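Peer 1: What follows is a single structure, and I will ask about it in a moment.
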Amino acid sequence: MRDYDESIAFLGQWGRFQLVVFFLLCSTIVPNGFGAFTLVFLTDMPSHHCLVPEDNLTEDWRRATIPVEVVNGKEEQSRCSRYRLDVVRNLSAQGFVPGRDVNLTDLEQEVCVDGWSYSTDTYTSTVVSEFNLVCSEEWKQPLTATVYFLGSLCGSFFSGLLSDRFGRKPVLFATVALQTVFTFILVYSTSWLMLTILLFINGLGQISNFVAALVLGAEIFTGNVRVLYSSLGTCLGFTLGYMMLPAFAYFIRDWRSLTLALALPGLLYIPHWWFIPESPRWLLSQGRVEEAEAIVRKAAKWNKLQAPPVIFETCSDDEDKTEVKESHGFFDLLRTCNIGITTILLCWVSFTMMTGYFGLSFSTAQLHDDPYISCFISAAIEVPGYITSWVALRYYPRRSALICILLIGSVPLLLIQFIPETLPHMSLALEILGKYALTAGVSMIFTYTSELYPTPLRNTATGTTSTISRVGACFAPFLLTLRSYLKGLPHIVMGSLCVVSIFATLFLPESFGRPLPETIQEMHKRERIRCPCISGGEQNVHVHYQDSLI
């Protein structure tokens, strides 16, 4: 339908219908805040050392059995070795005193053949302590998170295709169910392999749920409410779950019990099916005019308004019929030069945003010695970022706002390496500023993408850019390991990516103040808008936006 916004203008932007759907959709995103960072606690590595069986050892020898090593300038017990137990038993039986009668450095060492002893000061148990993902098996710990993000990557791509084919609502609730069911099954994992397979399947629904809810709301709401939902509502729903996570983890220290507690809220979304409608825009794009009208008439009834006799005029010309019946998929995002370039540029900017977002999220997790406080601080930083995103999307052109955000994010990251070690608080402030900016950027890029593409391609495009951004999420943990070569190298890489993305953003089309495109032909027209610094296009957009308000 070409004039969808005009056709439903009689509903208003903010009535009872929009209010209910707004908060119900935002609530479906809360579990994504749980899922995205649950592995911070599930796969955390508690302090550990080789297990020393309860043998006939003196207290002095029991304490001395674990060698002492210097790590980062501090002395600590070895995590992966101990002095040979048969030698220690013999020396203890003969009455020798360690350090006085025996030089411990001369004793032969062995690996932890009897397993490990884990500290329970912070956690009762984690995946690491239960499946012994330490020492020679330590590589499995970061791989666990990578597998989860690979699931998110695949899910975000295929959910977009499925959503454009079968509808926004079925995919939204299918992904919520997928997360709930497989998070529950995760509790009964009996091996690391089983755990990773279940995490991959769980990850399929994690970002897919977010994308489906984002697009569904963006197509149901209009005007300022659409901007409010896309930039602030969805993201604050995610952040609410993110901030609730450390509270759950603080009171539930066992990883299985914590997983079960995070699975149960998914059952609360079953009644949502009867209150959240399908996207009328999508129904119209499929030629299902009667169903779209039924939803709008129900919305008018909720808002206590009288709907006109005919809301959507049925397409009668052959061209429109062809447009309705024609199916679209991923390759339509690359089929023409203009749309293909837009897709590539958006994918690059999304990759940059997500790499920086997760890189700084993992980095700011070390803000405090207490992991629960660290997680909460990292989540709380996002609130002002999302508010900034909403204000920018509400009042400023998309390109200009995104360029400013990227600039604010890149400068602090590039400056961190020049801060002396005697000013750690200055480095921390710059890192927080970078996290704030990239958080706002992640929110903006989702909204920007949903506004650029027509209804038949909107969910596919959003899912595709989200898929590429998931590559950045998988890349971020490995990016932080570059600190072993140069302390500031991760920040240099993230800052440089932001600088390149600034130039890429210059060539993206503008969408500020313009109605969502309903057909690919409308997107082609929009693609002809050129860089504002060359053509002055943004000034025309401002005029168009003011006219639309009138």
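Ordered as shown in the structure tokens, chains take letters A, B, and onward, while each chain numbers its residues from 1 and ligands are numbered from 1 in the order shown.
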What are the DSSP alpha helix (DSSP H) residues of range 354-528 of chain A, as a VMD selection string?
Peer 2: chain A and resid 354 to 364 371 to 380 382 to 395 398 to 415 424 to 452 455 to 480 489 to 505 520 to 527
Peer 1: Write out as a VMD selection string the residues lying within 9 Å of Ile276 in chain A, counting only C-alpha atoms and excluding same-chain residues fewer than 2 positions away.
Peer 2: chain A and resid 20 to 21 24 to 25 169 272 to 274 278
Peer 1: Could you pull out the strand (DSSP E or B) residues of range 30-275 of chain A, going by DSSP on the backbone, and write them as a VMD selection string?
Peer 2: chain A and resid 48 to 50 68 to 71 74 to 77 81 to 83 98 102 109 to 111 116 to 118 125 254
Peer 1: Name the closest residue to Phe158 in chain A among the candidates A:Ser191, A:Ser231, A:Ser47, A:Thr175; distances are taken between atoms, counting only C-alpha atoms.
Peer 2: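 Using only C-alpha atoms, Phe158 in chain A sits closest to A:Thr175.
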Peer 1: Between range 197-300 of chain A and range 372-392 of chain A, at 9 Å or less, what are the per-residue closest atom pairs and their distances in Å? Count only C-alpha atoms, order by chain and rising residue number, and return it as JSON lines.
Peer 2:
{"residue": "A:Val227", "atom": "CA", "partner": "A:Trp390", "partner_atom": "CA", "distance": 7.0}
{"residue": "A:Leu228", "atom": "CA", "partner": "A:Trp390", "partner_atom": "CA", "distance": 6.1}
{"residue": "A:Tyr229", "atom": "CA", "partner": "A:Trp390", "partner_atom": "CA", "distance": 8.7}
{"residue": "A:Ser230", "atom": "CA", "partner": "A:Trp390", "partner_atom": "CA", "distance": 8.3}
{"residue": "A:Ser231", "atom": "CA", "partner": "A:Trp390", "partner_atom": "CA", "distance": 5.1}
{"residue": "A:Leu232", "atom": "CA", "partner": "A:Trp390", "partner_atom": "CA", "distance": 5.5}
{"residue": "A:Gly233", "atom": "CA", "partner": "A:Tyr386", "partner_atom": "CA", "distance": 8.9}
{"residue": "A:Cys235", "atom": "CA", "partner": "A:Tyr386", "partner_atom": "CA", "distance": 6.6}
{"residue": "A:Leu236", "atom": "CA", "partner": "A:Val383", "partner_atom": "CA", "distance": 6.9}
{"residue": "A:Thr239", "atom": "CA", "partner": "A:Ala379", "partner_atom": "CA", "distance": 6.3}
{"residue": "A:Leu240", "atom": "CA", "partner": "A:Ala379", "partner_atom": "CA", "distance": 8.3}
{"residue": "A:Tyr242", "atom": "CA", "partner": "A:Ala379", "partner_atom": "CA", "distance": 5.9}
{"residue": "A:Met243", "atom": "CA", "partner": "A:Phe376", "partner_atom": "CA", "distance": 5.4}
{"residue": "A:Met244", "atom": "CA", "partner": "A:Phe376", "partner_atom": "CA", "distance": 8.1}
{"residue": "A:Leu245", "atom": "CA", "partner": "A:Phe376", "partner_atom": "CA", "distance": 8.1}
{"residue": "A:Pro246", "atom": "CA", "partner": "A:Tyr372", "partner_atom": "CA", "distance": 5.0}
{"residue": "A:Ala247", "atom": "CA", "partner": "A:Tyr372", "partner_atom": "CA", "distance": 7.5}
{"residue": "A:Ala249", "atom": "CA", "partner": "A:Tyr372", "partner_atom": "CA", "distance": 7.4}
{"residue": "A:Tyr250", "atom": "CA", "partner": "A:Tyr372", "partner_atom": "CA", "distance": 6.5}
Peer 1: Next, write the just-selected residues to a file, as a PDB file, in the first residue's frame, keeping N, CA, C and O atoms as the atom set.
Peer 2:
ATOM      1  N   VAL A 227       9.591   6.405  16.025  1.00  0.00           N
ATOM      2  CA  VAL A 227      10.963   6.760  16.389  1.00  0.00           C
ATOM      3  C   VAL A 227      11.215   6.442  17.856  1.00  0.00           C
ATOM      4  O   VAL A 227      12.265   5.905  18.228  1.00  0.00           O
ATOM      5  N   LEU A 228      10.247   6.776  18.717  1.00  0.00           N
ATOM      6  CA  LEU A 228      10.386   6.492  20.145  1.00  0.00           C
ATOM      7  C   LEU A 228      10.548   4.997  20.398  1.00  0.00           C
ATOM      8  O   LEU A 228      11.410   4.579  21.179  1.00  0.00           O
ATOM      9  N   TYR A 229       9.746   4.195  19.722  1.00  0.00           N
ATOM     10  CA  TYR A 229       9.817   2.746  19.914  1.00  0.00           C
ATOM     11  C   TYR A 229      11.132   2.176  19.378  1.00  0.00           C
ATOM     12  O   TYR A 229      11.813   1.411  20.063  1.00  0.00           O
ATOM     13  N   SER A 230      11.493   2.551  18.157  1.00  0.00           N
ATOM     14  CA  SER A 230      12.659   1.956  17.509  1.00  0.00           C
ATOM     15  C   SER A 230      13.966   2.341  18.186  1.00  0.00           C
ATOM     16  O   SER A 230      14.888   1.520  18.267  1.00  0.00           O
ATOM     17  N   SER A 231      14.055   3.564  18.671  1.00  0.00           N
ATOM     18  CA  SER A 231      15.321   4.041  19.213  1.00  0.00           C
ATOM     19  C   SER A 231      15.410   3.918  20.724  1.00  0.00           C
ATOM     20  O   SER A 231      16.490   3.720  21.265  1.00  0.00           O
ATOM     21  N   LEU A 232      14.280   4.029  21.426  1.00  0.00           N
ATOM     22  CA  LEU A 232      14.329   4.066  22.884  1.00  0.00           C
ATOM     23  C   LEU A 232      13.597   2.891  23.516  1.00  0.00           C
ATOM     24  O   LEU A 232      14.130   2.233  24.416  1.00  0.00           O
ATOM     25  N   GLY A 233      12.384   2.595  23.047  1.00  0.00           N
ATOM     26  CA  GLY A 233      11.592   1.550  23.678  1.00  0.00           C
ATOM     27  C   GLY A 233      12.248   0.188  23.626  1.00  0.00           C
ATOM     28  O   GLY A 233      12.430  -0.481  24.657  1.00  0.00           O
ATOM     29  N   CYS A 235      15.366  -0.611  22.928  1.00  0.00           N
ATOM     30  CA  CYS A 235      16.702  -0.650  23.538  1.00  0.00           C
ATOM     31  C   CYS A 235      16.632  -0.598  25.061  1.00  0.00           C
ATOM     32  O   CYS A 235      17.414  -1.259  25.745  1.00  0.00           O
ATOM     33  N   LEU A 236      15.697   0.179  25.598  1.00  0.00           N
ATOM     34  CA  LEU A 236      15.552   0.207  27.051  1.00  0.00           C
ATOM     35  C   LEU A 236      14.977  -1.105  27.561  1.00  0.00           C
ATOM     36  O   LEU A 236      15.280  -1.530  28.685  1.00  0.00           O
ATOM     37  N   THR A 239      18.031  -3.166  27.786  1.00  0.00           N
ATOM     38  CA  THR A 239      18.864  -2.734  28.904  1.00  0.00           C
ATOM     39  C   THR A 239      18.243  -3.115  30.240  1.00  0.00           C
ATOM     40  O   THR A 239      18.963  -3.430  31.202  1.00  0.00           O
ATOM     41  N   LEU A 240      16.919  -3.083  30.330  1.00  0.00           N
ATOM     42  CA  LEU A 240      16.259  -3.499  31.569  1.00  0.00           C
ATOM     43  C   LEU A 240      16.616  -4.946  31.901  1.00  0.00           C
ATOM     44  O   LEU A 240      16.943  -5.265  33.045  1.00  0.00           O
ATOM     45  N   TYR A 242      19.256  -6.494  30.817  1.00  0.00           N
ATOM     46  CA  TYR A 242      20.702  -6.476  31.079  1.00  0.00           C
ATOM     47  C   TYR A 242      20.982  -6.059  32.529  1.00  0.00           C
ATOM     48  O   TYR A 242      21.820  -6.676  33.213  1.00  0.00           O
ATOM     49  N   MET A 243      20.277  -5.053  33.025  1.00  0.00           N
ATOM     50  CA  MET A 243      20.504  -4.587  34.393  1.00  0.00           C
ATOM     51  C   MET A 243      19.918  -5.541  35.436  1.00  0.00           C
ATOM     52  O   MET A 243      20.394  -5.606  36.567  1.00  0.00           O
ATOM     53  N   MET A 244      18.877  -6.284  35.050  1.00  0.00           N
ATOM     54  CA  MET A 244      18.297  -7.260  35.970  1.00  0.00           C
ATOM     55  C   MET A 244      19.168  -8.504  36.109  1.00  0.00           C
ATOM     56  O   MET A 244      19.107  -9.203  37.136  1.00  0.00           O
ATOM     57  N   LEU A 245      19.974  -8.783  35.095  1.00  0.00           N
ATOM     58  CA  LEU A 245      20.803  -9.984  35.105  1.00  0.00           C
ATOM     59  C   LEU A 245      21.708 -10.082  36.335  1.00  0.00           C
ATOM     60  O   LEU A 245      21.733 -11.130  36.993  1.00  0.00           O
ATOM     61  N   PRO A 246      22.505  -9.046  36.684  1.00  0.00           N
ATOM     62  CA  PRO A 246      23.366  -9.189  37.863  1.00  0.00           C
ATOM     63  C   PRO A 246      22.593  -9.401  39.153  1.00  0.00           C
ATOM     64  O   PRO A 246      23.108 -10.032  40.082  1.00  0.00           O
ATOM     65  N   ALA A 247      21.349  -8.894  39.233  1.00  0.00           N
ATOM     66  CA  ALA A 247      20.539  -9.134  40.430  1.00  0.00           C
ATOM     67  C   ALA A 247      20.172 -10.616  40.538  1.00  0.00           C
ATOM     68  O   ALA A 247      20.277 -11.222  41.616  1.00  0.00           O
ATOM     69  N   ALA A 249      21.872 -13.065  39.136  1.00  0.00           N
ATOM     70  CA  ALA A 249      23.110 -13.810  39.356  1.00  0.00           C
ATOM     71  C   ALA A 249      23.630 -13.651  40.782  1.00  0.00           C
ATOM     72  O   ALA A 249      24.247 -14.570  41.331  1.00  0.00           O
ATOM     73  N   TYR A 250      23.374 -12.496  41.395  1.00  0.00           N
ATOM     74  CA  TYR A 250      23.857 -12.273  42.763  1.00  0.00           C
ATOM     75  C   TYR A 250      23.157 -13.200  43.759  1.00  0.00           C
ATOM     76  O   TYR A 250      23.794 -13.735  44.672  1.00  0.00           O
TER      77      TYR A 250
END
Peer 1: Could you pull the residues within 8 Å of Thr65 in chain A, counting only C-alpha atoms, minus those fewer than 2 positions along the same chain, as a PyMOL selection string?
Peer 2: chain A and resi 52+61-63+67+82-83+85+88
Peer 1: Using only N, CA and C atoms, please write the residues we just selected to a file, as a PDB file, in the first residue's frame.
Peer 2:
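As a result, part.pdb now contains:
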ATOM      1  N   VAL A  52      44.270 -31.477  45.965  1.00  0.00           N
ATOM      2  CA  VAL A  52      45.177 -32.289  46.773  1.00  0.00           C
ATOM      3  C   VAL A  52      44.327 -33.250  47.591  1.00  0.00           C
ATOM      4  N   TRP A  61      52.915 -29.233  54.604  1.00  0.00           N
ATOM      5  CA  TRP A  61      53.078 -29.800  53.276  1.00  0.00           C
ATOM      6  C   TRP A  61      51.805 -29.653  52.444  1.00  0.00           C
ATOM      7  N   ARG A  62      50.656 -29.686  53.093  1.00  0.00           N
ATOM      8  CA  ARG A  62      49.417 -29.511  52.344  1.00  0.00           C
ATOM      9  C   ARG A  62      49.369 -28.113  51.714  1.00  0.00           C
ATOM     10  N   ARG A  63      49.812 -27.110  52.480  1.00  0.00           N
ATOM     11  CA  ARG A  63      49.826 -25.747  51.938  1.00  0.00           C
ATOM     12  C   ARG A  63      50.912 -25.561  50.884  1.00  0.00           C
ATOM     13  N   PRO A  67      52.599 -25.069  43.848  1.00  0.00           N
ATOM     14  CA  PRO A  67      53.677 -24.085  43.626  1.00  0.00           C
ATOM     15  C   PRO A  67      53.121 -22.655  43.569  1.00  0.00           C
ATOM     16  N   ARG A  82      51.156 -29.016  40.290  1.00  0.00           N
ATOM     17  CA  ARG A  82      51.440 -29.241  41.720  1.00  0.00           C
ATOM     18  C   ARG A  82      52.725 -30.048  41.807  1.00  0.00           C
ATOM     19  N   TYR A  83      53.329 -30.060  42.998  1.00  0.00           N
ATOM     20  CA  TYR A  83      54.495 -30.918  43.192  1.00  0.00           C
ATOM     21  C   TYR A  83      54.038 -32.370  43.219  1.00  0.00           C
ATOM     22  N   LEU A  85      52.862 -35.726  44.004  1.00  0.00           N
ATOM     23  CA  LEU A  85      52.243 -36.074  45.278  1.00  0.00           C
ATOM     24  C   LEU A  85      52.967 -37.223  45.976  1.00  0.00           C
ATOM     25  N   VAL A  88      55.909 -35.707  47.724  1.00  0.00           N
ATOM     26  CA  VAL A  88      55.471 -34.906  48.867  1.00  0.00           C
ATOM     27  C   VAL A  88      55.061 -35.814  50.032  1.00  0.00           C
TER      28      VAL A  88
END
Peer 1: Hey, which of A:Asn209, A:Ser350, A:Thr519, A:Asn103 ends up closest to Thr455 in chain A? Count only C-alpha atoms.
Peer 2: A:Thr519
Peer 1: Just the residues within 10 Å of Phe17 in chain A, please, counting only C-alpha atoms, with nothing from its chain fewer than 3 positions along; format it as a short mmCIF file (atom, residue, chain, number, x, y, z; two decimals) with all heavy atoms, in the first residue's frame.
Peer 2:
data_model
loop_
_atom_site.label_atom_id
_atom_site.label_comp_id
_atom_site.auth_asym_id
_atom_site.auth_seq_id
_atom_site.Cartn_x
_atom_site.Cartn_y
_atom_site.Cartn_z
N LEU A 11 -6.31 7.11 13.13
CA LEU A 11 -6.06 6.43 14.41
C LEU A 11 -5.31 7.32 15.40
O LEU A 11 -5.41 7.12 16.61
CB LEU A 11 -5.23 5.16 14.19
CG LEU A 11 -5.93 3.93 13.63
CD1 LEU A 11 -4.92 2.80 13.45
CD2 LEU A 11 -7.05 3.48 14.57
N GLN A 13 -1.44 8.93 16.61
CA GLN A 13 -0.15 8.28 16.83
C GLN A 13 -0.08 7.58 18.19
O GLN A 13 0.66 6.61 18.35
CB GLN A 13 0.98 9.31 16.73
CG GLN A 13 1.19 9.87 15.34
CD GLN A 13 2.43 10.73 15.24
OE1 GLN A 13 3.27 10.76 16.12
NE2 GLN A 13 2.55 11.43 14.12
N TRP A 14 -0.85 8.05 19.16
CA TRP A 14 -0.68 7.54 20.53
C TRP A 14 -2.04 7.39 21.19
O TRP A 14 -2.54 8.29 21.84
CB TRP A 14 0.22 8.46 21.32
CG TRP A 14 0.73 7.90 22.61
CD1 TRP A 14 0.44 8.32 23.87
CD2 TRP A 14 1.64 6.82 22.77
NE1 TRP A 14 1.11 7.56 24.80
CE2 TRP A 14 1.87 6.62 24.15
CE3 TRP A 14 2.30 5.96 21.87
CZ2 TRP A 14 2.70 5.63 24.66
CZ3 TRP A 14 3.14 4.98 22.38
CH2 TRP A 14 3.34 4.83 23.74
N VAL A 20 -0.76 -0.14 24.40
CA VAL A 20 -0.71 -1.55 24.80
C VAL A 20 0.33 -2.30 23.97
O VAL A 20 1.18 -3.03 24.51
CB VAL A 20 -2.10 -2.20 24.66
CG1 VAL A 20 -2.00 -3.72 24.85
CG2 VAL A 20 -3.07 -1.61 25.67
N VAL A 21 0.27 -2.13 22.65
CA VAL A 21 1.20 -2.84 21.78
C VAL A 21 2.64 -2.40 22.04
O VAL A 21 3.57 -3.21 22.03
CB VAL A 21 0.82 -2.63 20.30
CG1 VAL A 21 1.86 -3.26 19.37
CG2 VAL A 21 -0.55 -3.23 20.02
N PHE A 22 2.83 -1.11 22.30
CA PHE A 22 4.16 -0.57 22.57
C PHE A 22 4.82 -1.30 23.74
O PHE A 22 5.93 -1.82 23.63
CB PHE A 22 4.05 0.94 22.86
CG PHE A 22 5.37 1.65 23.03
CD1 PHE A 22 5.90 2.37 21.99
CD2 PHE A 22 6.06 1.60 24.23
CE1 PHE A 22 7.11 3.04 22.14
CE2 PHE A 22 7.26 2.26 24.40
CZ PHE A 22 7.79 2.98 23.34
N PHE A 275 -2.82 -10.23 22.02
CA PHE A 275 -2.85 -8.77 22.10
C PHE A 275 -1.94 -8.10 21.08
O PHE A 275 -2.18 -6.95 20.71
CB PHE A 275 -2.46 -8.31 23.51
CG PHE A 275 -3.43 -8.72 24.58
CD1 PHE A 275 -3.23 -9.88 25.32
CD2 PHE A 275 -4.57 -7.96 24.83
CE1 PHE A 275 -4.12 -10.26 26.30
CE2 PHE A 275 -5.47 -8.33 25.81
CZ PHE A 275 -5.25 -9.49 26.55
N ILE A 276 -0.89 -8.78 20.64
CA ILE A 276 0.02 -8.20 19.65
C ILE A 276 -0.44 -8.62 18.26
O ILE A 276 -0.52 -9.82 17.96
CB ILE A 276 1.47 -8.67 19.90
CG1 ILE A 276 1.97 -8.15 21.25
CG2 ILE A 276 2.38 -8.18 18.78
CD1 ILE A 276 3.37 -8.62 21.60
N VAL A 296 -6.73 -2.78 11.72
CA VAL A 296 -6.87 -1.33 11.89
C VAL A 296 -8.23 -0.99 12.51
O VAL A 296 -8.34 -0.09 13.35
CB VAL A 296 -6.67 -0.62 10.54
CG1 VAL A 296 -6.93 0.88 10.69
CG2 VAL A 296 -5.25 -0.86 10.02
N LYS A 298 -9.89 -2.88 14.57
CA LYS A 298 -9.78 -3.24 15.97
C LYS A 298 -9.03 -2.16 16.74
O LYS A 298 -9.40 -1.80 17.87
CB LYS A 298 -9.05 -4.58 16.11
CG LYS A 298 -8.90 -5.05 17.55
CD LYS A 298 -8.18 -6.39 17.61
CE LYS A 298 -7.99 -6.84 19.06
NZ LYS A 298 -7.27 -8.13 19.15
N ALA A 299 -7.98 -1.63 16.12
CA ALA A 299 -7.22 -0.54 16.74
C ALA A 299 -8.11 0.68 16.93
O ALA A 299 -8.05 1.36 17.98
CB ALA A 299 -6.01 -0.19 15.89
N ALA A 300 -8.93 1.00 15.94
CA ALA A 300 -9.84 2.14 16.05
C ALA A 300 -10.84 1.92 17.19
O ALA A 300 -11.17 2.86 17.94
CB ALA A 300 -10.59 2.34 14.73
N LYS A 301 -11.31 0.70 17.34
CA LYS A 301 -12.24 0.39 18.44
C LYS A 301 -11.57 0.58 19.79
O LYS A 301 -12.15 1.13 20.73
CB LYS A 301 -12.74 -1.04 18.28
CG LYS A 301 -13.80 -1.43 19.29
CD LYS A 301 -14.31 -2.84 19.02
CE LYS A 301 -15.38 -3.23 20.05
NZ LYS A 301 -15.89 -4.61 19.80
N TRP A 302 -10.30 0.12 19.91
CA TRP A 302 -9.55 0.31 21.16
C TRP A 302 -9.35 1.80 21.45
O TRP A 302 -9.37 2.20 22.61
CB TRP A 302 -8.20 -0.39 21.05
CG TRP A 302 -8.26 -1.86 21.26
CD1 TRP A 302 -9.32 -2.69 21.04
CD2 TRP A 302 -7.20 -2.70 21.73
NE1 TRP A 302 -9.00 -3.99 21.33
CE2 TRP A 302 -7.69 -4.03 21.76
CE3 TRP A 302 -5.88 -2.47 22.11
CZ2 TRP A 302 -6.91 -5.11 22.17
CZ3 TRP A 302 -5.10 -3.54 22.51
CH2 TRP A 302 -5.61 -4.84 22.54
N ASN A 303 -9.13 2.58 20.39
CA ASN A 303 -8.90 4.02 20.58
C ASN A 303 -10.20 4.81 20.63
O ASN A 303 -10.16 6.05 20.69
CB ASN A 303 -8.03 4.55 19.44
CG ASN A 303 -6.59 4.08 19.55
OD1 ASN A 303 -6.19 3.47 20.52
ND2 ASN A 303 -5.79 4.36 18.52
N LYS A 304 -11.35 4.08 20.58
CA LYS A 304 -12.67 4.71 20.64
C LYS A 304 -12.86 5.71 19.51
O LYS A 304 -13.32 6.85 19.71
CB LYS A 304 -12.89 5.38 22.00
CG LYS A 304 -12.85 4.40 23.16
CD LYS A 304 -13.10 5.09 24.50
CE LYS A 304 -13.07 4.08 25.64
NZ LYS A 304 -13.31 4.72 26.96
#
Peer 1: Tell me which of A:Thr336, A:Gln77, A:Thr439, A:Ser450 sits closest to Ser466 in chain A, counting only C-alpha atoms.
Peer 2: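 Answer, going by the shortest atom-to-atom distance: A:Ser450.
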Peer 1: I need the residue nearest Gly287 in chain A from this list: A:Gly223, A:Gly155, A:Asp370, A:Pro456. Use only C-alpha atoms for the distance.
Peer 2: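 Smallest distance to Gly287 in chain A is found for A:Pro456.
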Peer 1: I'd like the neighbourhood of Gly99 in chain A as a PDB file with C-alpha atoms, in the first residue's frame, where a residue qualifies if any of its atoms comes within 10 Å (using only C-alpha atoms), though same-chain residues fewer than 3 positions away should be ignored.
Peer 2:
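So the final result, stored in around_3.pdb, reads:
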ATOM      1  CA  ASP A  60      52.715 -27.374  56.176  1.00  0.00           C
ATOM      2  CA  TRP A  61      53.078 -29.800  53.276  1.00  0.00           C
ATOM      3  CA  ALA A  64      53.143 -26.134  50.099  1.00  0.00           C
ATOM      4  CA  PHE A  96      60.845 -32.792  56.711  1.00  0.00           C
ATOM      5  CA  VAL A 102      63.567 -28.989  51.500  1.00  0.00           C
ATOM      6  CA  ASN A 103      64.059 -26.454  48.700  1.00  0.00           C
ATOM      7  CA  LEU A 104      60.677 -26.538  46.957  1.00  0.00           C
ATOM      8  CA  THR A 105      62.039 -25.289  43.630  1.00  0.00           C
TER       9      THR A 105
END
Peer 1: Nearest to Lys435 in chain A among A:Thr343, A:Thr355, A:Thr460, A:Ser501, with distances taken over only C-alpha atoms: which residue is it?
Peer 2: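 When distances to Lys435 in chain A are compared using only C-alpha atoms, the smallest one comes from A:Thr355.
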Peer 1: Looking at A:Pro420, A:Arg335, A:Leu413, A:Pro454, which one is nearest to Cys498 in chain A, with distances taken over only C-alpha atoms?
Peer 2: A:Leu413
